[in-house]
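Participant: Shown below is the structure under consideration.
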Amino acid sequence: MNPLTETALRFAAPWALWLLLLLPLIAWCTGREGHTPALVFSSLQNLASLGKRRKSRSGAIRLTLLLAALTALILGLARPQKGKQVSQVEASGIDILLALDVSRSMLAEDFTIGEERANRLDAVKQVTQKFIEGRPNDRIGIVAFAGRPYLVSPLTLDHDWLLQNMERIRIGLVEDGTAIGSAIASASNRLKEKESKSKIIVLLTDGDNNAGKITPATAAEAAKTLGIKIYTIGAGTRGFAPVPVKDMFGRTVYQKVKVEVDEPTLRQIATVANGQFYRATDSKSLSQIFQQIDQLEKSTVQLNRYTQYRDLFPWFIGCGLALLALQIGLEQTVLRRIP
């Protein structure tokens, strides 16, 4: 990330600005009262009023151009510069893979978004989005799983692209089921080649392992060997949850379905892989869990700042020379003085 910030104007040779104090003296010396008319008349009686000593209008124009030219040249000599401050943020070195359950049971509406009832998947998306937005310097990827896992997004620092892909997650893209072991193995495979100081899997599921060829315990041991830490979250209210289904007339009705989260297996996974187990029974507790994980895996960010300066003196010198040339040109033409 390289945000640019404009800085105030500065002068590389500020001592030259003292020369501006000479301008009032030059103005006073050059702008003193001009000579009286040099024409001779047989009688000055009728022209007495025209013989008063006065400043000429052409002289004022020449003086103004001269002072403006000298001002621009002095400012150019002081070397004005405009800077842009560049901030370079180095990535923290933390890689996070989110493994999200998208089995049909995630349609259960025992969570809320605002004051509205929402299904588990929509609530998880909302909380996960805030988690991602709060970690701009970490590489984050997403694996979704039901009967088998599939990659939603590889590890990336482009979190806008990551969130766009997360919005496309929906239930029914793969066969139903809950392949927890396969999900951990898939996430670990995405992390194993990365050289980072910390590798983390956040596994969220609302069921027990009933699909896939790899057991959760085996996958957790493999993750530990690769130096990967796993945080597990069991999502869903305790007891029964309302699940939408279609009746014979195609209408949506709700059935109470018993929530079966395999807490012992999720605890075992977290223990083996040096992580922690959490239980989210509503939107508030789910949000708090992600906040706790965010604090436990705090990013360390190195911020380097430097300023790039661009010299503006050529513009001032050019302007000064142009005004000086204009003053000389006018003096030799339309403002030419007759002796």
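Quick note on naming: the chains in the structure tokens go A, B, ... in the order shown, residues restart at 1 in each chain, and ligands are numbered from 1 in order of appearance.
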Mind checking which residues fall within 8 Å of segment 273-288 of chain A, counting only C-alpha atoms, ignoring those fewer than 2 positions away in the same chain, and posting them as a compact mmCIF listing (two decimals) with N, CA and C atoms, in the first residue's frame?
Facilitator:
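To be explicit, this is the file written out as result_3.txt:
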```txt
# COMPACT_ATOMS: atom_id res chain seq x y z
N ASP A 110 -31.52 -18.86 12.95
CA ASP A 110 -31.43 -18.61 14.39
C ASP A 110 -30.44 -17.50 14.70
N PHE A 111 -30.09 -16.68 13.69
CA PHE A 111 -29.24 -15.51 13.88
C PHE A 111 -30.01 -14.26 13.43
N THR A 112 -29.44 -13.13 13.67
CA THR A 112 -30.09 -11.87 13.27
C THR A 112 -29.08 -10.95 12.62
N ILE A 113 -29.58 -10.08 11.73
CA ILE A 113 -28.80 -8.97 11.16
C ILE A 113 -29.61 -7.72 11.44
N ALA A 123 -25.37 -14.29 8.33
CA ALA A 123 -24.77 -13.70 9.52
C ALA A 123 -23.26 -13.90 9.52
N VAL A 124 -22.82 -15.08 9.10
CA VAL A 124 -21.38 -15.37 9.04
C VAL A 124 -20.71 -14.46 8.02
N VAL A 127 -20.26 -10.88 9.58
CA VAL A 127 -19.22 -10.81 10.61
C VAL A 127 -17.84 -11.03 9.99
N ALA A 220 -6.08 -32.29 11.54
CA ALA A 220 -5.54 -31.37 12.55
C ALA A 220 -4.08 -31.70 12.87
N GLU A 221 -3.73 -32.96 12.95
CA GLU A 221 -2.34 -33.36 13.19
C GLU A 221 -1.43 -32.90 12.05
N ALA A 223 -1.98 -30.38 10.06
CA ALA A 223 -1.88 -28.91 10.14
C ALA A 223 -0.86 -28.51 11.20
N LYS A 224 -0.89 -29.18 12.32
CA LYS A 224 0.08 -28.86 13.38
C LYS A 224 1.51 -29.08 12.90
N ILE A 228 0.57 -24.80 11.47
CA ILE A 228 -0.68 -24.07 11.28
C ILE A 228 -1.53 -24.16 12.54
N LYS A 229 -2.02 -23.02 12.97
CA LYS A 229 -2.89 -22.95 14.15
C LYS A 229 -4.34 -22.93 13.68
N ILE A 230 -5.23 -23.65 14.40
CA ILE A 230 -6.64 -23.72 14.00
C ILE A 230 -7.54 -23.23 15.12
N TYR A 231 -8.38 -22.25 14.78
CA TYR A 231 -9.45 -21.80 15.66
C TYR A 231 -10.76 -22.38 15.13
N THR A 232 -11.53 -23.05 15.98
CA THR A 232 -12.78 -23.67 15.54
C THR A 232 -13.96 -22.95 16.18
N ILE A 233 -15.03 -22.79 15.39
CA ILE A 233 -16.24 -22.12 15.86
C ILE A 233 -17.43 -23.02 15.56
N GLY A 234 -18.16 -23.39 16.59
CA GLY A 234 -19.41 -24.13 16.41
C GLY A 234 -20.56 -23.14 16.39
N ALA A 235 -21.28 -23.05 15.26
CA ALA A 235 -22.32 -22.04 15.09
C ALA A 235 -23.70 -22.66 15.19
N GLY A 236 -24.61 -21.96 15.84
CA GLY A 236 -26.00 -22.41 15.94
C GLY A 236 -26.50 -22.41 17.36
N THR A 237 -27.78 -22.09 17.51
CA THR A 237 -28.39 -22.07 18.84
C THR A 237 -28.42 -23.48 19.42
N ARG A 238 -28.54 -23.58 20.70
CA ARG A 238 -28.64 -24.89 21.35
C ARG A 238 -30.10 -25.35 21.34
N LEU A 266 -14.61 -30.52 17.57
CA LEU A 266 -14.09 -29.18 17.33
C LEU A 266 -13.09 -28.78 18.42
N ARG A 267 -13.36 -29.18 19.66
CA ARG A 267 -12.40 -28.91 20.75
C ARG A 267 -11.10 -29.66 20.52
N ILE A 269 -9.83 -30.64 17.65
CA ILE A 269 -9.10 -30.01 16.54
C ILE A 269 -8.31 -28.80 17.04
N ALA A 270 -8.99 -27.95 17.82
CA ALA A 270 -8.35 -26.73 18.33
C ALA A 270 -7.20 -27.06 19.27
N THR A 271 -7.38 -28.07 20.10
CA THR A 271 -6.33 -28.46 21.06
C THR A 271 -5.11 -29.00 20.32
N PHE A 290 -15.06 -13.43 16.70
CA PHE A 290 -14.13 -12.92 15.68
C PHE A 290 -13.29 -11.77 16.24
N GLN A 291 -13.86 -10.97 17.13
CA GLN A 291 -13.08 -9.90 17.77
C GLN A 291 -11.97 -10.48 18.65
N GLN A 292 -12.28 -11.57 19.36
CA GLN A 292 -11.26 -12.22 20.21
C GLN A 292 -10.14 -12.81 19.36
```
Participant: Need to verify the contact set: segment 251-254 of chain A, 10 Å, only C-alpha atoms, exclusion of same-chain residues closer than 4 positions in sequence. Can you return it as a short mmCIF file (atom, residue, chain, number, x, y, z; two decimals) with N, CA and C atoms, in the first residue's frame?
Facilitator:
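Okay, this is what ended up in selection-v6.cif:
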```cif
data_model
loop_
_atom_site.label_atom_id
_atom_site.label_comp_id
_atom_site.auth_asym_id
_atom_site.auth_seq_id
_atom_site.Cartn_x
_atom_site.Cartn_y
_atom_site.Cartn_z
N ALA A 108 -30.59 -22.46 8.50
CA ALA A 108 -31.35 -22.27 9.73
C ALA A 108 -31.33 -20.80 10.15
N GLU A 109 -32.48 -20.24 10.47
CA GLU A 109 -32.60 -18.82 10.78
C GLU A 109 -32.66 -18.59 12.29
N ALA A 241 -33.67 -25.23 15.89
CA ALA A 241 -33.59 -24.00 15.10
C ALA A 241 -34.58 -24.08 13.94
N PRO A 242 -35.19 -22.94 13.56
CA PRO A 242 -36.14 -22.93 12.44
C PRO A 242 -35.42 -23.00 11.09
N VAL A 243 -35.81 -23.97 10.26
CA VAL A 243 -35.19 -24.14 8.94
C VAL A 243 -36.28 -24.01 7.88
N PRO A 244 -36.07 -23.15 6.87
CA PRO A 244 -37.09 -22.98 5.83
C PRO A 244 -37.12 -24.18 4.87
N VAL A 245 -38.32 -24.65 4.55
CA VAL A 245 -38.49 -25.73 3.58
C VAL A 245 -39.71 -25.40 2.72
N LYS A 246 -39.82 -26.07 1.59
CA LYS A 246 -40.97 -25.88 0.70
C LYS A 246 -42.03 -26.94 0.98
N ASP A 247 -43.28 -26.50 1.09
CA ASP A 247 -44.36 -27.48 1.26
C ASP A 247 -44.83 -27.98 -0.10
#
```
Participant: Any idea what's packed within 7 Å of Leu155 of chain A, counting only C-alpha atoms, ignoring anything in its chain fewer than 4 positions away? Could you give it as an MDAnalysis selection string?
Facilitator: chainID A and resid 139:141
Participant: Generate a file of the selected residues that holds C-alpha atoms, formatted as a compact mmCIF listing (two decimals), in the first residue's frame.
Facilitator:
```
# COMPACT_ATOMS: atom_id res chain seq x y z
CA ARG A 139 -3.14 -12.18 3.41
CA ILE A 140 -6.55 -13.82 3.71
CA GLY A 141 -8.20 -16.59 1.69
```
Participant: Measuring between only C-alpha atoms, which one of A:Leu9, A:Ile142, A:Ala183, A:Val102 shows the shortest distance to Asn165 of chain A?
Facilitator: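 Of all the options, A:Ile142 lies closest to Asn165 of chain A.
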Participant: Mind checking DSSP for segment 88-202 of chain A and telling me the strand (DSSP E or B) residues as a VMD selection string?
Facilitator: chain A and resid 88 to 90 94 to 101 111 to 113 116 to 118 139 to 145 149 to 156 198 to 202
Participant: Which polymer residues have any atom within 8 Å of an atom of Gly320 of chain A, counting only C-alpha atoms, with same-chain residues fewer than 3 positions away left out, as a list in words?
Facilitator: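 The filter keeps Ala68, Ala69, Leu70, Thr71, Ala72, Leu73, Phe316, Ile317, Leu323 and Leu324 of chain A.
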Participant: For Val143 of chain A, which of A:Ala187, A:Cys319, A:Ala219, A:Leu312 is the closest residue, counting only C-alpha atoms?
Facilitator: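 Using only C-alpha atoms, Val143 of chain A sits closest to A:Ala187.
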Participant: Given the choices A:Leu162, A:Pro136, A:Gly181, A:Ile169, which gets closest to Arg148 of chain A if the distance is worked out from only C-alpha atoms?
Facilitator: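 Selected residue with least distance to Arg148 of chain A: A:Gly181.
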Participant: Could you tell me which of A:Ile184, A:Ile201, A:Ile132, A:Leu191 comes closest to Thr218 of chain A if we count only C-alpha atoms?
Facilitator: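 Counting only C-alpha atoms, the residue closest to Thr218 of chain A is A:Ile184.
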Participant: Which residues are close to segment 203-213 of chain A, i.e. within 6 Å by only C-alpha atoms, leaving aside same-chain residues fewer than 5 positions away? Reply as a list in words.
Facilitator: Ala99, Leu100, Asp101, Gly147, Gly177, Thr178, Ala179, Ile180, Ser182, Thr232, Ile233, Gly234, Ala235, Gly236, Glu260, Val261 and Asp262 of chain A
Participant: How many Å separate atom CA of Gly172 of chain A from atom CA of Glu133 of chain A?
Facilitator: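 Separating atom CA of Gly172 of chain A from atom CA of Glu133 of chain A is a distance of 26.8 Å.
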Participant: Taking the DSSP secondary structure from the backbone, can you list the residues of segment 141-190 of chain A that are alpha helix (DSSP H), as a PyMOL selection string?
Facilitator: chain A and resi 159-167+180-190
Participant: Could you check how far atom CA of Trp18 of chain A sits from atom CA of Gln81 of chain A, in Å to one decimal?
Facilitator: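 Atom CA of Gln81 of chain A lies at a distance of 17.7 Å from atom CA of Trp18 of chain A.
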Participant: Have a look at atom CA of Leu67 of chain A and atom CA of Phe313 of chain A and let me know their distance in Å, one decimal.
Facilitator: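 Result for atom CA of Leu67 of chain A versus atom CA of Phe313 of chain A: 17.7 Å, one decimal.
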Participant: Between A:Asp95, A:Asp176, A:Asp138, A:Glu116, which residue has the minimum interatomic distance to Glu193 of chain A, considering only C-alpha atoms?
Facilitator: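 Among the listed residues, A:Asp95 lies closest to Glu193 of chain A.
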